[in-house]
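Heads up, final_9.cif below (mmCIF, C-alpha atoms and all ligand atoms):
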```cif
data_final
#
loop_
_atom_site.group_PDB
_atom_site.id
_atom_site.type_symbol
_atom_site.label_atom_id
_atom_site.label_comp_id
_atom_site.auth_asym_id
_atom_site.auth_seq_id
_atom_site.Cartn_x
_atom_site.Cartn_y
_atom_site.Cartn_z
ATOM 1 C CA MET A 166 -5.099 6.610 13.737
ATOM 2 C CA THR A 167 -2.550 7.127 11.004
ATOM 3 C CA SER A 168 -3.694 4.224 8.878
ATOM 4 C CA ALA A 169 -5.667 4.223 5.677
ATOM 5 C CA SER A 170 -8.397 1.721 6.265
ATOM 6 C CA GLN A 171 -9.455 -0.334 9.236
ATOM 7 C CA HIS A 172 -10.620 -3.156 6.964
ATOM 8 C CA GLN A 173 -7.765 -3.599 4.504
ATOM 9 C CA PRO A 174 -4.604 -5.047 6.123
ATOM 10 C CA ARG A 175 -1.966 -2.380 6.371
ATOM 11 C CA VAL A 176 1.436 -2.807 4.771
ATOM 12 C CA ALA A 177 4.726 -2.577 6.679
ATOM 13 C CA LEU A 178 8.208 -2.431 5.170
ATOM 14 C CA VAL A 179 10.865 -3.570 7.644
ATOM 15 C CA THR A 180 14.480 -3.244 6.504
ATOM 16 C CA GLY A 181 17.032 -5.854 7.516
ATOM 17 C CA ALA A 182 14.241 -8.125 8.693
ATOM 18 C CA GLY A 183 15.780 -11.566 8.177
ATOM 19 C CA ARG A 184 17.153 -11.800 11.693
ATOM 20 C CA GLY A 185 17.535 -10.026 15.015
ATOM 21 C CA ILE A 186 15.450 -7.012 15.948
ATOM 22 C CA GLY A 187 14.055 -6.579 12.434
ATOM 23 C CA ARG A 188 12.772 -10.118 12.411
ATOM 24 C CA GLY A 189 11.217 -9.632 15.848
ATOM 25 C CA ILE A 190 9.376 -6.572 14.536
ATOM 26 C CA ALA A 191 8.349 -8.199 11.255
ATOM 27 C CA THR A 192 6.925 -11.317 12.901
ATOM 28 C CA ALA A 193 5.114 -9.301 15.581
ATOM 29 C CA LEU A 194 3.460 -7.164 12.884
ATOM 30 C CA GLY A 195 2.631 -10.244 10.806
ATOM 31 C CA ALA A 196 0.898 -11.835 13.765
ATOM 32 C CA ARG A 197 -1.292 -8.718 14.038
ATOM 33 C CA ASN A 198 -2.681 -8.710 10.536
ATOM 34 C CA TRP A 199 -0.095 -6.493 8.908
ATOM 35 C CA ARG A 200 1.159 -7.416 5.458
ATOM 36 C CA VAL A 201 4.900 -7.435 5.888
ATOM 37 C CA LEU A 202 7.615 -6.676 3.352
ATOM 38 C CA VAL A 203 10.735 -8.411 4.651
ATOM 39 C CA ASN A 204 13.789 -6.632 3.264
ATOM 40 C CA TYR A 205 17.145 -8.396 3.331
ATOM 41 C CA ARG A 206 20.527 -7.667 1.795
ATOM 42 C CA SER A 207 22.165 -11.034 1.191
ATOM 43 C CA ASP A 208 20.809 -13.831 3.396
ATOM 44 C CA ALA A 209 17.862 -15.072 1.319
ATOM 45 C CA ASP A 210 17.362 -18.117 3.571
ATOM 46 C CA SER A 211 16.815 -16.098 6.731
ATOM 47 C CA ALA A 212 14.383 -13.788 4.894
ATOM 48 C CA ALA A 213 12.503 -16.811 3.545
ATOM 49 C CA SER A 214 12.280 -18.310 7.023
ATOM 50 C CA CYS A 215 10.960 -14.997 8.381
ATOM 51 C CA VAL A 216 8.283 -14.968 5.660
ATOM 52 C CA GLN A 217 7.451 -18.573 6.523
ATOM 53 C CA GLN A 218 7.172 -17.753 10.229
ATOM 54 C CA ILE A 219 4.724 -14.948 9.436
ATOM 55 C CA GLU A 220 2.666 -17.173 7.141
ATOM 56 C CA ASP A 221 2.637 -19.926 9.775
ATOM 57 C CA SER A 222 1.100 -17.439 12.197
ATOM 58 C CA GLY A 223 -1.655 -16.676 9.656
ATOM 59 C CA GLY A 224 -0.122 -13.513 8.223
ATOM 60 C CA GLU A 225 1.037 -12.394 4.794
ATOM 61 C CA ALA A 226 4.617 -11.522 3.916
ATOM 62 C CA ARG A 227 6.986 -11.168 0.973
ATOM 63 C CA SER A 228 10.730 -10.825 0.903
ATOM 64 C CA ILE A 229 12.591 -8.180 -1.096
ATOM 65 C CA GLN A 230 16.338 -8.267 -1.671
ATOM 66 C CA ALA A 231 17.912 -4.804 -1.587
ATOM 67 C CA ASP A 232 20.909 -3.060 -0.087
ATOM 68 C CA VAL A 233 19.566 0.052 1.636
ATOM 69 C CA ALA A 234 22.993 1.677 1.396
ATOM 70 C CA SER A 235 22.839 1.856 -2.400
ATOM 71 C CA ALA A 236 20.646 4.169 -4.472
ATOM 72 C CA ASP A 237 19.851 1.322 -6.864
ATOM 73 C CA GLY A 238 18.930 -0.903 -3.935
ATOM 74 C CA ARG A 239 16.568 1.697 -2.538
ATOM 75 C CA ALA A 240 14.952 2.202 -5.947
ATOM 76 C CA THR A 241 14.361 -1.547 -6.200
ATOM 77 C CA LEU A 242 13.013 -1.652 -2.666
ATOM 78 C CA LEU A 243 10.560 1.161 -3.349
ATOM 79 C CA ARG A 244 9.406 -0.274 -6.670
ATOM 80 C CA GLU A 245 8.896 -3.815 -5.342
ATOM 81 C CA SER A 246 7.291 -2.596 -2.133
ATOM 82 C CA LEU A 247 4.668 -0.592 -4.023
ATOM 83 C CA ALA A 248 4.120 -3.437 -6.493
ATOM 84 C CA ALA A 249 3.429 -5.971 -3.723
ATOM 85 C CA TRP A 250 0.232 -4.563 -2.206
ATOM 86 C CA GLY A 251 -0.072 -1.112 -3.741
ATOM 87 C CA GLY A 252 1.363 0.983 -0.926
ATOM 88 C CA VAL A 253 3.314 1.239 2.302
ATOM 89 C CA ASP A 254 1.678 2.405 5.548
ATOM 90 C CA LEU A 255 4.628 1.802 7.861
ATOM 91 C CA LEU A 256 8.361 2.031 7.291
ATOM 92 C CA VAL A 257 10.663 0.594 9.947
ATOM 93 C CA ASN A 258 14.255 1.679 9.343
ATOM 94 C CA ASN A 259 15.903 -1.215 11.153
ATOM 95 C CA ALA A 260 18.788 -2.363 8.930
ATOM 96 C CA GLY A 261 22.074 -1.374 10.468
ATOM 97 C CA MET A 262 25.609 -2.458 11.083
ATOM 98 C CA ALA A 263 28.321 -2.127 13.662
ATOM 99 C CA PRO A 264 31.805 -1.254 12.433
ATOM 100 C CA ARG A 265 33.563 -4.330 11.072
ATOM 101 C CA GLN A 266 36.264 -3.741 13.655
ATOM 102 C CA ARG A 267 36.091 -1.828 16.887
ATOM 103 C CA VAL A 268 38.902 0.680 16.518
ATOM 104 C CA ASP A 269 39.794 3.711 18.628
ATOM 105 C CA ILE A 270 38.609 6.954 16.990
ATOM 106 C CA LEU A 271 42.227 8.044 16.632
ATOM 107 C CA GLU A 272 42.732 5.056 14.342
ATOM 108 C CA MET A 273 39.329 4.840 12.597
ATOM 109 C CA SER A 274 39.529 4.662 8.808
ATOM 110 C CA GLU A 275 37.526 6.784 6.384
ATOM 111 C CA ALA A 276 36.374 3.564 4.719
ATOM 112 C CA SER A 277 34.785 2.318 7.940
ATOM 113 C CA TYR A 278 33.232 5.728 8.601
ATOM 114 C CA ASP A 279 31.717 5.842 5.098
ATOM 115 C CA GLU A 280 30.427 2.271 5.237
ATOM 116 C CA VAL A 281 28.698 2.620 8.609
ATOM 117 C CA MET A 282 27.258 6.032 7.792
ATOM 118 C CA GLY A 283 26.025 4.734 4.426
ATOM 119 C CA VAL A 284 24.114 1.827 5.962
ATOM 120 C CA ASN A 285 22.963 3.423 9.219
ATOM 121 C CA LEU A 286 22.178 6.996 8.203
ATOM 122 C CA ARG A 287 22.462 7.884 4.518
ATOM 123 C CA GLY A 288 20.485 4.795 3.432
ATOM 124 C CA PRO A 289 17.630 5.240 5.925
ATOM 125 C CA PHE A 290 17.489 8.975 5.218
ATOM 126 C CA PHE A 291 16.996 8.598 1.473
ATOM 127 C CA LEU A 292 14.728 5.568 1.849
ATOM 128 C CA THR A 293 12.553 7.611 4.199
ATOM 129 C CA GLN A 294 12.541 10.474 1.725
ATOM 130 C CA ALA A 295 11.353 8.122 -1.054
ATOM 131 C CA ILE A 296 8.703 6.382 1.060
ATOM 132 C CA ALA A 297 7.488 9.697 2.490
ATOM 133 C CA ARG A 298 6.969 11.053 -1.028
ATOM 134 C CA HIS A 299 4.895 7.997 -1.822
ATOM 135 C CA MET A 300 2.895 8.345 1.416
ATOM 136 C CA LEU A 301 2.209 12.003 0.645
ATOM 137 C CA ALA A 302 1.073 11.207 -2.899
ATOM 138 C CA ALA A 303 -1.180 8.415 -1.630
ATOM 139 C CA GLU A 304 -2.777 10.801 0.918
ATOM 140 C CA ARG A 305 -3.403 8.056 3.442
ATOM 141 C CA GLY A 306 -1.016 9.049 6.205
ATOM 142 C CA GLY A 307 1.538 6.664 7.589
ATOM 143 C CA THR A 308 4.046 5.881 10.286
ATOM 144 C CA ILE A 309 7.835 5.843 10.218
ATOM 145 C CA ILE A 310 9.857 4.203 12.995
ATOM 146 C CA ASN A 311 13.615 4.607 13.154
ATOM 147 C CA ILE A 312 15.604 2.046 15.114
ATOM 148 C CA SER A 313 18.512 4.086 16.389
ATOM 149 C CA SER A 314 20.385 3.137 19.570
ATOM 150 C CA MET A 315 21.382 4.366 22.981
ATOM 151 C CA SER A 316 24.645 5.031 21.100
ATOM 152 C CA ALA A 317 22.882 8.164 19.815
ATOM 153 C CA VAL A 318 23.735 9.660 23.213
ATOM 154 C CA VAL A 319 26.271 7.304 24.816
ATOM 155 C CA ALA A 320 29.872 7.753 23.609
ATOM 156 C CA SER A 321 31.860 4.618 22.747
ATOM 157 C CA THR A 322 35.270 5.690 21.491
ATOM 158 C CA SER A 323 35.935 2.281 19.948
ATOM 159 C CA ARG A 324 32.993 2.604 17.524
ATOM 160 C CA GLY A 325 32.604 6.307 16.969
ATOM 161 C CA GLU A 326 31.225 5.963 13.459
ATOM 162 C CA TYR A 327 28.312 3.915 14.840
ATOM 163 C CA CYS A 328 27.567 6.524 17.535
ATOM 164 C CA ILE A 329 27.661 9.366 15.003
ATOM 165 C CA SER A 330 25.334 7.498 12.643
ATOM 166 C CA LYS A 331 22.790 6.888 15.397
ATOM 167 C CA ALA A 332 23.007 10.468 16.680
ATOM 168 C CA GLY A 333 22.330 11.572 13.103
ATOM 169 C CA MET A 334 19.306 9.323 13.001
ATOM 170 C CA GLY A 335 17.998 11.245 16.015
ATOM 171 C CA MET A 336 18.015 14.492 14.032
ATOM 172 C CA MET A 337 16.647 12.681 10.992
ATOM 173 C CA THR A 338 13.684 11.634 13.143
ATOM 174 C CA LYS A 339 13.030 15.218 14.200
ATOM 175 C CA LEU A 340 13.328 16.574 10.655
ATOM 176 C CA PHE A 341 10.882 14.125 9.105
ATOM 177 C CA ALA A 342 8.541 14.386 12.096
ATOM 178 C CA ASP A 343 8.351 18.139 11.618
ATOM 179 C CA ARG A 344 8.037 17.994 7.835
ATOM 180 C CA LEU A 345 5.362 15.279 7.670
ATOM 181 C CA ALA A 346 3.135 15.781 10.716
ATOM 182 C CA ASP A 347 0.706 18.074 8.941
ATOM 183 C CA GLN A 348 0.069 15.377 6.346
ATOM 184 C CA GLY A 349 -0.783 12.702 8.926
ATOM 185 C CA ILE A 350 2.577 10.922 8.867
ATOM 186 C CA LEU A 351 4.020 10.421 12.335
ATOM 187 C CA VAL A 352 7.672 9.619 12.982
ATOM 188 C CA TYR A 353 9.209 7.952 16.030
ATOM 189 C CA GLU A 354 12.630 6.816 17.196
ATOM 190 C CA LEU A 355 13.251 3.688 19.233
ATOM 191 C CA ARG A 356 16.548 3.569 21.103
ATOM 192 C CA PRO A 357 17.412 0.009 22.060
ATOM 193 C CA GLY A 358 20.082 -0.625 24.669
ATOM 194 C CA ILE A 359 21.936 -3.942 24.630
ATOM 195 C CA VAL A 360 19.835 -6.482 22.769
ATOM 196 C CA GLU A 361 20.826 -10.116 22.268
ATOM 197 C CA THR A 362 21.298 -10.529 18.515
ATOM 198 C CA ASP A 363 24.068 -11.493 16.102
ATOM 199 C CA MET A 364 25.261 -7.894 16.285
ATOM 200 C CA THR A 365 26.121 -8.180 19.975
ATOM 201 C CA ALA A 366 27.238 -11.830 19.876
ATOM 202 C CA VAL A 367 30.925 -10.864 19.838
ATOM 203 C CA VAL A 368 30.631 -8.895 23.067
ATOM 204 C CA LEU A 369 27.835 -10.889 24.673
ATOM 205 C CA GLU A 370 29.816 -12.350 27.575
ATOM 206 C CA ARG A 371 31.228 -8.981 28.566
ATOM 207 C CA TYR A 372 27.807 -7.340 28.386
ATOM 208 C CA GLN A 373 26.195 -10.172 30.361
ATOM 209 C CA ARG A 374 28.748 -9.676 33.126
ATOM 210 C CA LEU A 375 28.278 -5.898 33.160
ATOM 211 C CA VAL A 376 24.493 -6.248 33.302
ATOM 212 C CA ALA A 377 24.746 -8.780 36.142
ATOM 213 C CA GLU A 378 26.905 -6.251 37.996
ATOM 214 C CA GLY A 379 24.224 -3.571 37.633
ATOM 215 C CA LEU A 380 24.998 -1.704 34.397
ATOM 216 C CA THR A 381 21.271 -1.436 33.696
ATOM 217 C CA PRO A 382 18.549 -0.803 36.301
ATOM 218 C CA ILE A 383 16.567 -3.687 34.797
ATOM 219 C CA ARG A 384 19.146 -6.450 35.143
ATOM 220 C CA ARG A 385 18.789 -8.354 31.913
ATOM 221 C CA LEU A 386 19.740 -7.999 28.280
ATOM 222 C CA GLY A 387 17.072 -6.888 25.863
ATOM 223 C CA LEU A 388 15.407 -9.202 23.378
ATOM 224 C CA PRO A 389 14.129 -8.425 19.870
ATOM 225 C CA GLU A 390 10.622 -8.878 21.299
ATOM 226 C CA ASP A 391 11.177 -5.918 23.631
ATOM 227 C CA VAL A 392 11.758 -3.628 20.652
ATOM 228 C CA ALA A 393 8.923 -5.239 18.692
ATOM 229 C CA ARG A 394 6.482 -4.553 21.534
ATOM 230 C CA ALA A 395 7.414 -0.873 21.525
ATOM 231 C CA CYS A 396 6.766 -0.806 17.768
ATOM 232 C CA LEU A 397 3.364 -2.388 18.277
ATOM 233 C CA ALA A 398 2.475 0.209 20.910
ATOM 234 C CA ILE A 399 3.152 2.899 18.311
ATOM 235 C CA VAL A 400 1.407 1.349 15.328
ATOM 236 C CA GLU A 401 -1.653 0.400 17.319
ATOM 237 C CA GLY A 402 -2.287 4.130 17.480
ATOM 238 C CA HIS A 403 -1.752 4.874 21.167
ATOM 239 C CA PHE A 404 0.432 7.931 20.518
ATOM 240 C CA PRO A 405 -1.757 10.012 18.187
ATOM 241 C CA PHE A 406 -0.636 13.374 19.633
ATOM 242 C CA SER A 407 3.100 12.573 19.646
ATOM 243 C CA THR A 408 5.651 12.735 16.867
ATOM 244 C CA GLY A 409 9.428 12.983 16.794
ATOM 245 C CA GLU A 410 9.271 11.099 20.082
ATOM 246 C CA VAL A 411 12.139 8.967 21.399
ATOM 247 C CA ILE A 412 11.307 5.775 23.238
ATOM 248 C CA ASN A 413 14.208 4.166 25.078
ATOM 249 C CA VAL A 414 14.065 0.362 25.088
ATOM 250 C CA ASP A 415 17.179 -0.180 27.166
ATOM 251 C CA GLY A 416 16.329 -1.505 30.616
ATOM 252 C CA GLY A 417 16.758 2.036 31.936
ATOM 253 C CA GLN A 418 20.381 2.289 30.833
ATOM 254 C CA HIS A 419 19.948 5.908 29.714
ATOM 255 C CA LEU A 420 19.198 7.034 33.268
ATOM 256 C CA GLN A 421 21.916 9.101 34.895
ATOM 257 C CA ARG A 422 22.640 7.437 38.216
ATOM 258 C CA LEU A 423 24.726 8.167 41.259
HETATM 259 P P1 LIG B 501 21.719 -7.838 13.245
HETATM 260 O O1 LIG B 501 23.119 -7.685 12.743
HETATM 261 O O2 LIG B 501 21.326 -9.107 13.874
HETATM 262 O O3 LIG B 501 20.671 -7.487 12.103
HETATM 263 C C1 LIG B 501 20.848 -6.426 11.225
HETATM 264 C C2 LIG B 501 20.158 -6.767 9.933
HETATM 265 O O4 LIG B 501 20.320 -5.677 9.027
HETATM 266 C C3 LIG B 501 20.764 -8.010 9.272
HETATM 267 O O5 LIG B 501 19.739 -8.840 8.807
HETATM 268 C C4 LIG B 501 21.574 -7.410 8.133
HETATM 269 O O6 LIG B 501 21.716 -8.274 7.031
HETATM 270 C C5 LIG B 501 20.720 -6.206 7.777
HETATM 271 N N1 LIG B 501 21.480 -5.219 7.018
HETATM 272 C C6 LIG B 501 22.693 -4.718 7.307
HETATM 273 N N2 LIG B 501 23.082 -3.876 6.351
HETATM 274 C C7 LIG B 501 22.072 -3.837 5.437
HETATM 275 C C8 LIG B 501 21.891 -3.166 4.221
HETATM 276 N N3 LIG B 501 22.832 -2.350 3.732
HETATM 277 N N4 LIG B 501 20.736 -3.343 3.527
HETATM 278 C C9 LIG B 501 19.778 -4.170 4.007
HETATM 279 N N5 LIG B 501 19.908 -4.862 5.159
HETATM 280 C C10 LIG B 501 21.048 -4.693 5.855
HETATM 281 O O7 LIG B 501 21.551 -6.617 14.242
HETATM 282 P P2 LIG B 501 20.351 -6.205 15.232
HETATM 283 O O8 LIG B 501 20.918 -6.205 16.587
HETATM 284 O O9 LIG B 501 19.110 -6.953 14.953
HETATM 285 O O10 LIG B 501 20.210 -4.674 14.791
HETATM 286 C C11 LIG B 501 19.035 -4.139 14.186
HETATM 287 C C12 LIG B 501 19.067 -2.621 14.371
HETATM 288 O O11 LIG B 501 19.018 -2.331 15.772
HETATM 289 C C13 LIG B 501 20.334 -1.961 13.834
HETATM 290 O O12 LIG B 501 20.016 -0.733 13.242
HETATM 291 C C14 LIG B 501 21.150 -1.744 15.081
HETATM 292 O O13 LIG B 501 22.061 -0.687 14.947
HETATM 293 C C15 LIG B 501 20.076 -1.470 16.105
HETATM 294 N N6 LIG B 501 20.472 -1.689 17.495
HETATM 295 C C16 LIG B 501 20.868 -2.916 17.921
HETATM 296 C C17 LIG B 501 21.242 -3.076 19.255
HETATM 297 C C18 LIG B 501 21.695 -4.389 19.828
HETATM 298 O O14 LIG B 501 22.164 -4.402 20.982
HETATM 299 N N7 LIG B 501 21.569 -5.492 19.131
HETATM 300 C C19 LIG B 501 21.223 -1.986 20.125
HETATM 301 C C20 LIG B 501 20.811 -0.758 19.643
HETATM 302 C C21 LIG B 501 20.430 -0.623 18.337
#
```
Please, can you express the file's structure as structure tokens?
Ligand code: NAD
Amino acid sequence: MTSASQHQPRVALVTGAGRGIGRGIATALGARNWRVLVNYRSDADSAASCVQQIEDSGGEARSIQADVASADGRATLLRESLAAWGGVDLLVNNAGMAPRQRVDILEMSEASYDEVMGVNLRGPFFLTQAIARHMLAAERGGTIINISSMSAVVASTSRGEYCISKAGMGMMTKLFADRLADQGILVYELRPGIVETDMTAVVLERYQRLVAEGLTPIRRLGLPEDVARACLAIVEGHFPFSTGEVINVDGGQHLQRL
């Protein structure tokens, strides 16, 4: 086990947890006796309703407003996370964004590149660095889960900045896994495929049609619960001899098929 104590509830920080996949993960952890820090950037109502959902299921949660893309935001997030229950045992780097507009890579702007990389890669990298330092100082191990995407390996030329950010998160997973393993901190990467959330709402109909036509071996779209269940499998300690591991949660979409 990578946790501190079997008696004291462990503390999870989930970024971007007000809705979508992050909320699915936060509520699943809350229902299993984790204390959950629900990070959100701007939608205080959705974060409050996530906290309420966790409390309704008998768990404990607090919301923390912070933009993971900004250094100040990450400093606030770290400070308030440690103040809440004295430590963090699990970091889930979930917050992420698609490009505001899908634009061919020959037309992509530097502003869009910088924004997506800042939220999806630079932010999680430096947040992980800060939380890992705390975990090392606390000497009680820990777990880090990065929510990347099948876009880490599947090229979409109309959202190249997103693909690059998620591919970078793959290397980030390996780097921290290597650096932290000896101190009892294990790092994993979950690669969701197409999951029904606000992020995919704009392309939902097209994706539903493609899935019905056989795009994915398992012929349905993913749900936040699918990703949450993979997180639970990790944090319940069933992979004690694995780190830097990638788990695809994509209905088999990563399989090369003929
Ligand atoms: P979503 O848009 O529904 O949720 C993303 C959350 O992150 C939102 O609550 C948003 O406010 C928050 N967020 C965005 N930027 C932030 C910032 N700078 N600081 C703090 N919070 C911020 O999307 P989702 O589908 O739930 O995506 C969650 C993660 O899963 C993302 O990293 C995404 O790239 C990844 N993912 C999603 C899919 C999918 O099909 N939905 C597939 C693969 C990977």
Checklist entry - Which protein, DNA or RNA residues have an atom at most 12 Å from (10.7, 6.7, 2.3), counting all atoms listed in the file? List them as a PyMOL selection string. => result chain A and resi 177-180+233+239-240+242-244+246-247+252-258+288-302+307-311+341+345+350+352
Item to check | Distance filter 7 Å around ligand LIG 501 (chain B), atoms: all atoms listed in the file, out as a count of residues only | outcome: 38
Item to check | Nearest-residue call for Thr408 of chain A, choices A:Leu420, A:Ala346, A:Leu271, A:Ala191, using only C-alpha atoms | outcome: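 Among A:Leu420, A:Ala346, A:Leu271, A:Ala191, it is A:Ala346 that comes nearest to Thr408 of chain A.
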Checklist entry - From the set A:Thr381, A:Arg265, A:Ser222, A:Arg305, which residue has the shortest atom-to-atom contact distance to Glu280 of chain A, counting all atoms listed in the file? => result A:Arg265
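Picture a line from atom CA of Asp415 of chain A to atom CA of Leu386 of chain A; it runs 8.3 Å.
For the pair atom CA of Ala342 of chain A and atom CA of Val176 of chain A, the interatomic distance is 20.0 Å.
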Next on the checklist: Suppose a student applies the PyMOL selection byres (((chain A and resi 225) around 12) and not hetatm) to this structure; what residues should they get, written as JSON, numbers by chain?
Outcome noted: {"A": [174, 175, 176, 177, 191, 192, 193, 194, 195, 196, 197, 198, 199, 200, 201, 202, 203, 215, 216, 217, 218, 219, 220, 221, 222, 223, 224, 226, 227, 228, 249, 250]}
Checklist entry - Taking the file as shown, what set of residues would the PyMOL selection byres (((chain A and resi 331-337) around 7) and not hetatm) give back, as a PyMOL selection string? => result chain A and resi 286+290+313-314+316-318+327-330+338-341
